[in-house]
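Pasted below: upload_24.cif, mmCIF, C-alpha atoms.
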```cif
data_my_file
loop_
_atom_site.group_PDB
_atom_site.id
_atom_site.type_symbol
_atom_site.label_atom_id
_atom_site.label_comp_id
_atom_site.auth_asym_id
_atom_site.auth_seq_id
_atom_site.Cartn_x
_atom_site.Cartn_y
_atom_site.Cartn_z
ATOM 1 C CA MET A 731 85.290 88.013 109.586
ATOM 2 C CA SER A 732 87.036 90.263 112.133
ATOM 3 C CA GLY A 733 88.052 89.256 115.643
ATOM 4 C CA LEU A 734 89.112 85.924 117.075
ATOM 5 C CA LYS A 735 88.532 82.792 114.999
ATOM 6 C CA PHE A 736 88.489 79.095 115.784
ATOM 7 C CA VAL A 737 91.117 76.930 114.041
ATOM 8 C CA ALA A 738 89.776 73.464 113.293
ATOM 9 C CA GLU A 739 92.298 72.166 110.759
ATOM 10 C CA ARG A 740 96.038 71.574 110.904
ATOM 11 C CA THR A 741 98.704 70.195 108.667
ATOM 12 C CA GLY A 742 101.410 67.671 109.558
ATOM 13 C CA ASP A 743 101.714 64.978 112.198
ATOM 14 C CA GLY A 744 101.612 65.279 115.972
ATOM 15 C CA ALA A 745 100.354 68.653 117.175
ATOM 16 C CA GLY A 746 100.548 69.863 113.588
ATOM 17 C CA GLN A 747 100.899 73.372 112.207
ATOM 18 C CA PRO A 748 98.403 75.915 110.856
ATOM 19 C CA PHE A 749 97.599 76.072 107.159
ATOM 20 C CA LEU A 750 99.158 79.092 105.442
ATOM 21 C CA ASP A 751 97.573 81.015 102.577
ATOM 22 C CA THR A 752 100.720 80.819 100.471
ATOM 23 C CA ASP A 753 98.807 81.745 97.306
ATOM 24 C CA ASN A 754 98.297 85.207 98.809
ATOM 25 C CA GLY A 755 101.851 85.510 100.095
ATOM 26 C CA GLU A 756 101.362 84.422 103.724
ATOM 27 C CA GLU A 757 104.654 83.388 105.336
ATOM 28 C CA LEU A 758 105.580 81.902 108.700
ATOM 29 C CA MET A 759 107.540 84.545 110.632
ATOM 30 C CA HIS A 760 108.081 83.005 114.083
ATOM 31 C CA VAL A 761 107.285 79.918 116.154
ATOM 32 C CA GLN A 762 107.192 80.144 119.951
ATOM 33 C CA PRO A 763 106.638 76.798 121.718
ATOM 34 C CA GLY A 764 105.519 76.590 125.321
ATOM 35 C CA THR A 765 103.204 79.587 125.115
ATOM 36 C CA ALA A 766 99.952 79.923 127.041
ATOM 37 C CA VAL A 767 97.050 81.996 125.755
ATOM 38 C CA VAL A 768 94.730 83.825 128.139
ATOM 39 C CA PHE A 769 91.413 85.408 127.146
ATOM 40 C CA GLY A 770 90.341 88.231 129.454
ATOM 41 C CA SER A 771 90.545 87.094 133.064
ATOM 42 C CA ARG A 772 89.876 83.450 132.262
ATOM 43 C CA PRO A 773 92.364 80.726 133.240
ATOM 44 C CA PRO A 774 95.094 79.993 130.668
ATOM 45 C CA GLU A 775 94.330 77.519 127.940
ATOM 46 C CA SER A 776 96.211 74.214 127.873
ATOM 47 C CA PRO A 777 99.898 74.461 126.833
ATOM 48 C CA GLY A 778 100.348 75.294 123.190
ATOM 49 C CA THR A 779 102.541 76.672 120.442
ATOM 50 C CA LEU A 780 102.336 80.171 119.012
ATOM 51 C CA TYR A 781 102.694 80.660 115.258
ATOM 52 C CA ILE A 782 103.100 84.201 113.972
ATOM 53 C CA THR A 783 102.679 84.617 110.226
ATOM 54 C CA SER A 784 102.853 87.669 108.000
ATOM 55 C CA LYS A 785 99.058 87.958 108.206
ATOM 56 C CA GLN A 786 97.848 86.465 111.489
ATOM 57 C CA VAL A 787 98.580 85.102 114.954
ATOM 58 C CA VAL A 788 97.727 81.436 115.480
ATOM 59 C CA TRP A 789 97.798 79.501 118.745
ATOM 60 C CA LEU A 790 97.447 75.706 118.640
ATOM 61 C CA SER A 791 97.029 73.453 121.655
ATOM 62 C CA ASP A 792 99.752 70.827 122.116
ATOM 63 C CA THR A 793 97.431 68.413 123.922
ATOM 64 C CA ASP A 794 94.175 68.823 122.007
ATOM 65 C CA ARG A 795 94.513 68.800 118.223
ATOM 66 C CA SER A 796 90.950 70.081 117.876
ATOM 67 C CA LYS A 797 91.657 73.284 119.801
ATOM 68 C CA GLY A 798 93.213 76.340 118.198
ATOM 69 C CA TYR A 799 92.614 80.063 117.754
ATOM 70 C CA ALA A 800 93.674 82.711 115.268
ATOM 71 C CA VAL A 801 93.349 86.460 114.820
ATOM 72 C CA ASP A 802 94.342 88.592 111.839
ATOM 73 C CA PHE A 803 96.772 91.426 112.423
ATOM 74 C CA LEU A 804 94.162 93.795 110.960
ATOM 75 C CA SER A 805 91.983 92.939 113.975
ATOM 76 C CA VAL A 806 94.743 93.583 116.535
ATOM 77 C CA SER A 807 94.125 97.184 117.538
ATOM 78 C CA LEU A 808 96.819 97.355 120.255
ATOM 79 C CA HIS A 809 99.686 95.266 121.580
ATOM 80 C CA ALA A 810 102.094 95.924 124.440
ATOM 81 C CA VAL A 811 104.507 94.241 126.808
ATOM 82 C CA SER A 812 103.020 93.703 130.266
ATOM 83 C CA ARG A 813 105.266 93.100 133.273
ATOM 84 C CA ASP A 814 102.967 94.508 135.920
ATOM 85 C CA PRO A 815 102.131 91.678 138.371
ATOM 86 C CA GLU A 816 98.938 93.495 139.316
ATOM 87 C CA ALA A 817 97.733 93.225 135.706
ATOM 88 C CA TYR A 818 98.903 89.622 135.277
ATOM 89 C CA ARG A 819 101.161 87.441 137.365
ATOM 90 C CA ASP A 820 103.640 86.604 134.562
ATOM 91 C CA PRO A 821 105.332 88.778 131.917
ATOM 92 C CA CYS A 822 103.289 88.562 128.751
ATOM 93 C CA LEU A 823 102.305 90.213 125.509
ATOM 94 C CA TYR A 824 98.929 91.933 125.892
ATOM 95 C CA ALA A 825 96.738 92.552 122.850
ATOM 96 C CA GLN A 826 93.354 94.117 122.222
ATOM 97 C CA ILE A 827 91.137 92.728 119.480
ATOM 98 C CA ASP A 828 88.790 94.760 117.327
ATOM 99 C CA ASN A 829 85.892 92.375 116.810
ATOM 100 C CA GLY A 830 83.555 94.808 115.031
ATOM 101 C CA VAL A 831 80.978 94.480 117.828
ATOM 102 C CA GLU A 832 79.603 97.385 119.856
ATOM 103 C CA ASP A 833 81.264 97.843 123.257
ATOM 104 C CA ASP A 834 78.128 97.023 125.225
ATOM 105 C CA GLU A 835 77.778 93.739 123.329
ATOM 106 C CA SER A 836 81.385 92.601 123.824
ATOM 107 C CA GLU A 837 82.573 90.494 126.708
ATOM 108 C CA GLY A 838 84.537 92.288 129.392
ATOM 109 C CA SER A 839 87.788 90.987 130.797
ATOM 110 C CA SER A 840 86.003 89.801 133.947
ATOM 111 C CA ASP A 841 83.551 87.458 132.191
ATOM 112 C CA GLU A 842 83.997 83.741 132.644
ATOM 113 C CA GLY A 843 82.916 80.731 130.646
ATOM 114 C CA ASP A 844 83.907 78.683 127.621
ATOM 115 C CA VAL A 845 85.822 80.897 125.218
ATOM 116 C CA SER A 846 84.903 78.762 122.238
ATOM 117 C CA SER A 847 81.187 79.455 122.814
ATOM 118 C CA ASP A 848 81.370 82.978 121.364
ATOM 119 C CA LEU A 849 84.762 83.915 119.950
ATOM 120 C CA SER A 850 83.400 86.980 118.167
ATOM 121 C CA ARG A 851 82.963 88.816 121.484
ATOM 122 C CA ILE A 852 86.497 88.346 122.822
ATOM 123 C CA THR A 853 88.333 91.674 122.986
ATOM 124 C CA GLU A 854 91.470 90.899 125.018
ATOM 125 C CA LEU A 855 94.157 88.221 125.026
ATOM 126 C CA ARG A 856 97.535 87.597 126.610
ATOM 127 C CA LEU A 857 100.336 85.483 125.199
ATOM 128 C CA VAL A 858 102.471 84.104 128.003
ATOM 129 C CA PRO A 859 105.695 82.384 126.916
ATOM 130 C CA SER A 860 107.297 79.914 129.310
ATOM 131 C CA ASP A 861 110.532 81.884 128.859
ATOM 132 C CA PRO A 862 109.826 85.463 130.064
ATOM 133 C CA ASN A 863 112.811 86.726 128.078
ATOM 134 C CA GLN A 864 110.892 86.027 124.857
ATOM 135 C CA VAL A 865 108.259 88.686 125.558
ATOM 136 C CA ASP A 866 110.290 91.461 123.960
ATOM 137 C CA THR A 867 110.968 89.266 120.920
ATOM 138 C CA LEU A 868 107.247 88.641 120.461
ATOM 139 C CA PHE A 869 106.550 92.344 120.779
ATOM 140 C CA GLN A 870 109.045 93.232 118.040
ATOM 141 C CA ILE A 871 107.661 90.566 115.707
ATOM 142 C CA PHE A 872 104.154 91.922 116.308
ATOM 143 C CA CYS A 873 105.406 95.388 115.367
ATOM 144 C CA ASP A 874 107.017 94.119 112.174
ATOM 145 C CA CYS A 875 103.917 92.200 111.102
ATOM 146 C CA ALA A 876 101.637 95.126 111.929
ATOM 147 C CA GLU A 877 103.626 97.222 109.441
ATOM 148 C CA LEU A 878 102.999 94.529 106.814
ATOM 149 C CA ASN A 879 99.248 94.886 107.389
ATOM 150 C CA PRO A 880 98.316 98.580 107.252
ATOM 151 C CA GLU A 881 94.691 99.531 107.615
ATOM 152 C CA PRO A 882 92.986 99.750 104.218
ATOM 153 C CA ILE A 883 92.076 103.249 103.004
ATOM 154 C CA GLU A 884 88.382 103.867 102.573
ATOM 155 C CA GLU A 885 87.384 104.388 98.924
ATOM 156 C CA GLU A 886 85.049 107.202 99.938
ATOM 157 C CA GLU A 887 87.960 109.097 101.488
ATOM 158 C CA GLU A 888 89.951 108.742 98.270
ATOM 159 C CA GLU A 889 87.046 109.915 96.109
ATOM 160 C CA HIS A 890 86.211 112.901 98.317
ATOM 161 C CA ASN A 891 89.613 114.143 99.321
ATOM 162 C CA TRP A 892 89.113 117.912 99.329
ATOM 163 C CA ILE A 893 92.396 118.774 101.054
ATOM 164 C CA PHE A 894 94.805 120.566 98.728
ATOM 165 C CA SER A 895 98.288 121.890 99.307
ATOM 166 C CA ALA A 896 99.249 125.471 98.476
ATOM 167 C CA ASP A 897 101.121 124.294 95.358
ATOM 168 C CA GLN A 898 98.075 122.381 94.139
ATOM 169 C CA LEU A 899 95.853 125.427 94.593
ATOM 170 C CA GLU A 900 98.311 127.643 92.690
ATOM 171 C CA ASN A 901 98.530 125.118 89.849
ATOM 172 C CA GLN A 902 94.744 124.846 89.752
ATOM 173 C CA GLU A 903 94.339 128.622 89.565
ATOM 174 C CA ALA A 904 96.957 128.816 86.802
ATOM 175 C CA GLU A 905 95.117 126.156 84.791
ATOM 176 C CA GLU A 906 91.826 127.984 85.225
ATOM 177 C CA ASP A 907 93.417 131.283 84.144
ATOM 178 C CA SER A 908 94.921 129.745 81.015
ATOM 179 C CA GLU A 909 91.630 128.066 80.177
ATOM 180 C CA TRP A 910 89.542 131.210 80.570
ATOM 181 C CA MET A 911 91.974 133.686 78.976
ATOM 182 C CA ILE A 912 90.640 134.795 75.562
ATOM 183 C CA SER A 913 92.673 137.843 74.578
ATOM 184 C CA PRO A 914 96.436 138.157 75.040
ATOM 185 C CA ASN A 915 95.978 141.881 75.679
ATOM 186 C CA SER A 916 95.803 142.247 79.464
ATOM 187 C CA THR A 917 94.593 145.862 79.182
ATOM 188 C CA HIS A 918 91.610 144.863 77.111
ATOM 189 C CA PRO A 919 88.289 145.258 78.997
ATOM 190 C CA ILE A 920 87.118 141.862 77.688
ATOM 191 C CA GLY A 921 90.018 139.656 78.776
ATOM 192 C CA ARG A 922 88.183 136.687 80.318
ATOM 193 C CA SER A 923 84.841 135.006 80.055
ATOM 194 C CA ASN A 924 83.118 132.213 81.933
ATOM 195 C CA GLY A 925 83.725 129.726 79.178
ATOM 196 C CA ASP A 926 81.658 131.640 76.542
ATOM 197 C CA HIS A 927 84.300 131.876 73.822
ATOM 198 C CA ASP A 928 81.735 132.854 71.153
ATOM 199 C CA LEU A 929 80.652 135.907 73.153
ATOM 200 C CA ALA A 930 84.232 137.091 73.580
ATOM 201 C CA HIS A 931 84.946 136.488 69.899
ATOM 202 C CA ASN A 932 81.858 138.446 68.862
ATOM 203 C CA VAL A 933 82.823 141.381 71.094
ATOM 204 C CA LEU A 934 86.346 141.477 69.692
ATOM 205 C CA GLN A 935 85.020 141.229 66.151
ATOM 206 C CA LEU A 936 82.617 144.081 66.861
ATOM 207 C CA GLN A 937 85.504 146.244 68.052
ATOM 208 C CA ILE A 938 87.430 145.483 64.875
ATOM 209 C CA ASN A 939 84.400 146.485 62.812
ATOM 210 C CA ASP A 940 84.129 149.686 64.852
ATOM 211 C CA GLN A 941 87.735 150.527 64.017
ATOM 212 C CA ARG A 942 87.078 149.927 60.338
ATOM 213 C CA PHE A 943 83.981 152.141 60.524
ATOM 214 C CA GLU A 944 86.021 154.933 62.135
ATOM 215 C CA ASP A 945 88.654 154.632 59.391
ATOM 216 C CA ALA A 946 85.929 154.834 56.752
ATOM 217 C CA GLU A 947 84.523 158.016 58.348
ATOM 218 C CA GLU A 948 87.961 159.639 58.351
ATOM 219 C CA MET A 949 88.485 158.786 54.678
ATOM 220 C CA ASP A 950 85.048 160.168 53.798
ATOM 221 C CA SER A 951 85.747 163.358 55.745
ATOM 222 C CA ASP A 952 89.090 163.833 54.016
ATOM 223 C CA THR A 953 87.412 163.358 50.644
ATOM 224 C CA LYS A 954 84.797 165.997 51.395
ATOM 225 C CA ASN A 955 87.418 168.445 52.607
ATOM 226 C CA GLY A 956 89.350 167.921 49.406
ATOM 227 C CA ASP A 957 86.286 168.628 47.291
ATOM 228 C CA ASN A 958 85.552 171.840 49.182
ATOM 229 C CA HIS A 959 89.103 173.103 48.580
ATOM 230 C CA SER A 960 88.800 172.392 44.922
#
```
Encoded form (structure tokens):
Amino acid sequence: MSGLKFVAERTGDGAGQPFLDTDNGEELMHVQPGTAVVFGSRPPESPGTLYITSKQVVWLSDTDRSKGYAVDFLSVSLHAVSRDPEAYRDPCLYAQIDNGVEDDESEGSSDEGDVSSDLSRITELRLVPSDPNQVDTLFQIFCDCAELNPEPIEEEEEEHNWIFSADQLENQEAEEDSEWMISPNSTHPIGRSNGDHDLAHNVLQLQINDQRFEDAEEMDSDTKNGDNHS
């Protein structure tokens, strides 16, 4: 499922930590305590801790063990540092979420309400650390993890890739020439055929027979001339 997800389970005591999919190589990359999460223009969620793994971003509430959110890096379409007080009052890391929903069906940043009611329509979030100096650190970690999660290549694009380089075209033409070439004699009028090797062979054989027939005529003519002289 793309977009924002609700985290209902944790591991460990106290506030706990998110479960990691270690079987598929997921690793914990960074922990940032004292981080608020803001969805659109809604008020910040209760204080929490940010966990950045090699595959996803997880925020867990410090006061409510039943409240947590996560988003895969494949669903984060954009992230940037925001220090403009007109955009948000505190320095933060801004991110856009690709939820796979049409634009007119997604919630705008001005909508209000309970975020947990429809997570699939959330398209914007802000991560606000209590220490503003950590914003740049979060941004760099986001960049590193984004590189670990490149967008998958569509199979259809791989199967129907009709873009060739000049070298590939030259090699292809050379292969076609070597496949279609029948006679090594480049001056021969029948040098290539469209895959009909039998036709080319028959034509060449016919020419050989013609040469033999011409030789036979010359021998017969020489014989007759010899008889007339005798």
From the set A:Cys875, A:Val787, A:Leu734, A:Leu750, which residue has the shortest atom-to-atom contact distance to Asn829 of chain A, counting all atoms listed in the file? A:Leu734
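A straight line drawn from atom CA of Val806 of chain A to atom CA of Thr793 of chain A is 26.4 Å long.
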Given the choices A:Ile782, A:Ala766, A:Val761, A:Thr853, which gets closest to Asp874 of chain A if the distance is worked out from all atoms listed in the file? A:Ile782
Between atom CA of Glu854 of chain A and atom CA of Gly744 of chain A, what is the distance in Å, rounded to a tenth? 29.0 Å
Dump as a count of residues only all residues having an atom at most 12 Å from (104.1, 75.7, 120.7), computed in the file's coordinates with all atoms listed in the file. 31
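This file gives the following result for the PyMOL selection byres ((chain A and resi 812) around 12): A:His809, A:Ala810, A:Val811, A:Arg813, A:Asp814, A:Pro815, A:Glu816, A:Ala817, A:Tyr818, A:Arg819, A:Asp820, A:Pro821, A:Cys822, A:Leu823, A:Tyr824, A:Ala825, A:Leu855, A:Arg856, A:Leu857, A:Val858, A:Pro862, A:Val865, A:Asp866, A:Leu868, A:Phe869.
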Dump C-alpha atoms for the selected residues as a CSV table (one decimal), keeping the file's coordinate frame?
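And here's out26.csv as it stands now:
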```csv
chain,number,residue,atom,x,y,z
A,809,HIS,CA,99.7,95.3,121.6
A,810,ALA,CA,102.1,95.9,124.4
A,811,VAL,CA,104.5,94.2,126.8
A,813,ARG,CA,105.3,93.1,133.3
A,814,ASP,CA,103.0,94.5,135.9
A,815,PRO,CA,102.1,91.7,138.4
A,816,GLU,CA,98.9,93.5,139.3
A,817,ALA,CA,97.7,93.2,135.7
A,818,TYR,CA,98.9,89.6,135.3
A,819,ARG,CA,101.2,87.4,137.4
A,820,ASP,CA,103.6,86.6,134.6
A,821,PRO,CA,105.3,88.8,131.9
A,822,CYS,CA,103.3,88.6,128.8
A,823,LEU,CA,102.3,90.2,125.5
A,824,TYR,CA,98.9,91.9,125.9
A,825,ALA,CA,96.7,92.6,122.8
A,855,LEU,CA,94.2,88.2,125.0
A,856,ARG,CA,97.5,87.6,126.6
A,857,LEU,CA,100.3,85.5,125.2
A,858,VAL,CA,102.5,84.1,128.0
A,862,PRO,CA,109.8,85.5,130.1
A,865,VAL,CA,108.3,88.7,125.6
A,866,ASP,CA,110.3,91.5,124.0
A,868,LEU,CA,107.2,88.6,120.5
A,869,PHE,CA,106.6,92.3,120.8
```
Selection under test: the PyMOL selection byres ((chain A and resi 803) around 12); residues as a short mmCIF file (atom, residue, chain, number, x, y, z; two decimals) with C-alpha atoms, keeping the file's coordinate frame:
```cif
data_model
loop_
_atom_site.label_atom_id
_atom_site.label_comp_id
_atom_site.auth_asym_id
_atom_site.auth_seq_id
_atom_site.Cartn_x
_atom_site.Cartn_y
_atom_site.Cartn_z
CA SER A 732 87.04 90.26 112.13
CA GLY A 733 88.05 89.26 115.64
CA LEU A 734 89.11 85.92 117.08
CA ILE A 782 103.10 84.20 113.97
CA THR A 783 102.68 84.62 110.23
CA SER A 784 102.85 87.67 108.00
CA LYS A 785 99.06 87.96 108.21
CA GLN A 786 97.85 86.46 111.49
CA VAL A 787 98.58 85.10 114.95
CA VAL A 788 97.73 81.44 115.48
CA ALA A 800 93.67 82.71 115.27
CA VAL A 801 93.35 86.46 114.82
CA ASP A 802 94.34 88.59 111.84
CA LEU A 804 94.16 93.80 110.96
CA SER A 805 91.98 92.94 113.98
CA VAL A 806 94.74 93.58 116.54
CA SER A 807 94.12 97.18 117.54
CA LEU A 808 96.82 97.36 120.26
CA HIS A 809 99.69 95.27 121.58
CA ALA A 825 96.74 92.55 122.85
CA GLN A 826 93.35 94.12 122.22
CA ILE A 827 91.14 92.73 119.48
CA ASP A 828 88.79 94.76 117.33
CA ASN A 829 85.89 92.38 116.81
CA ILE A 871 107.66 90.57 115.71
CA PHE A 872 104.15 91.92 116.31
CA CYS A 873 105.41 95.39 115.37
CA ASP A 874 107.02 94.12 112.17
CA CYS A 875 103.92 92.20 111.10
CA ALA A 876 101.64 95.13 111.93
CA GLU A 877 103.63 97.22 109.44
CA LEU A 878 103.00 94.53 106.81
CA ASN A 879 99.25 94.89 107.39
CA PRO A 880 98.32 98.58 107.25
CA GLU A 881 94.69 99.53 107.62
#
```
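When only C-alpha atoms are used to compute distances to Asp794 of chain A, the closest of the residues A:Gln870, A:Leu849, A:Gly830, A:Glu739 turns out to be A:Glu739.
Closest approach to Tyr799 of chain A among A:Pro774, A:Val737, A:Gly755, A:Phe749 is made by A:Val737 (distances from only C-alpha atoms).
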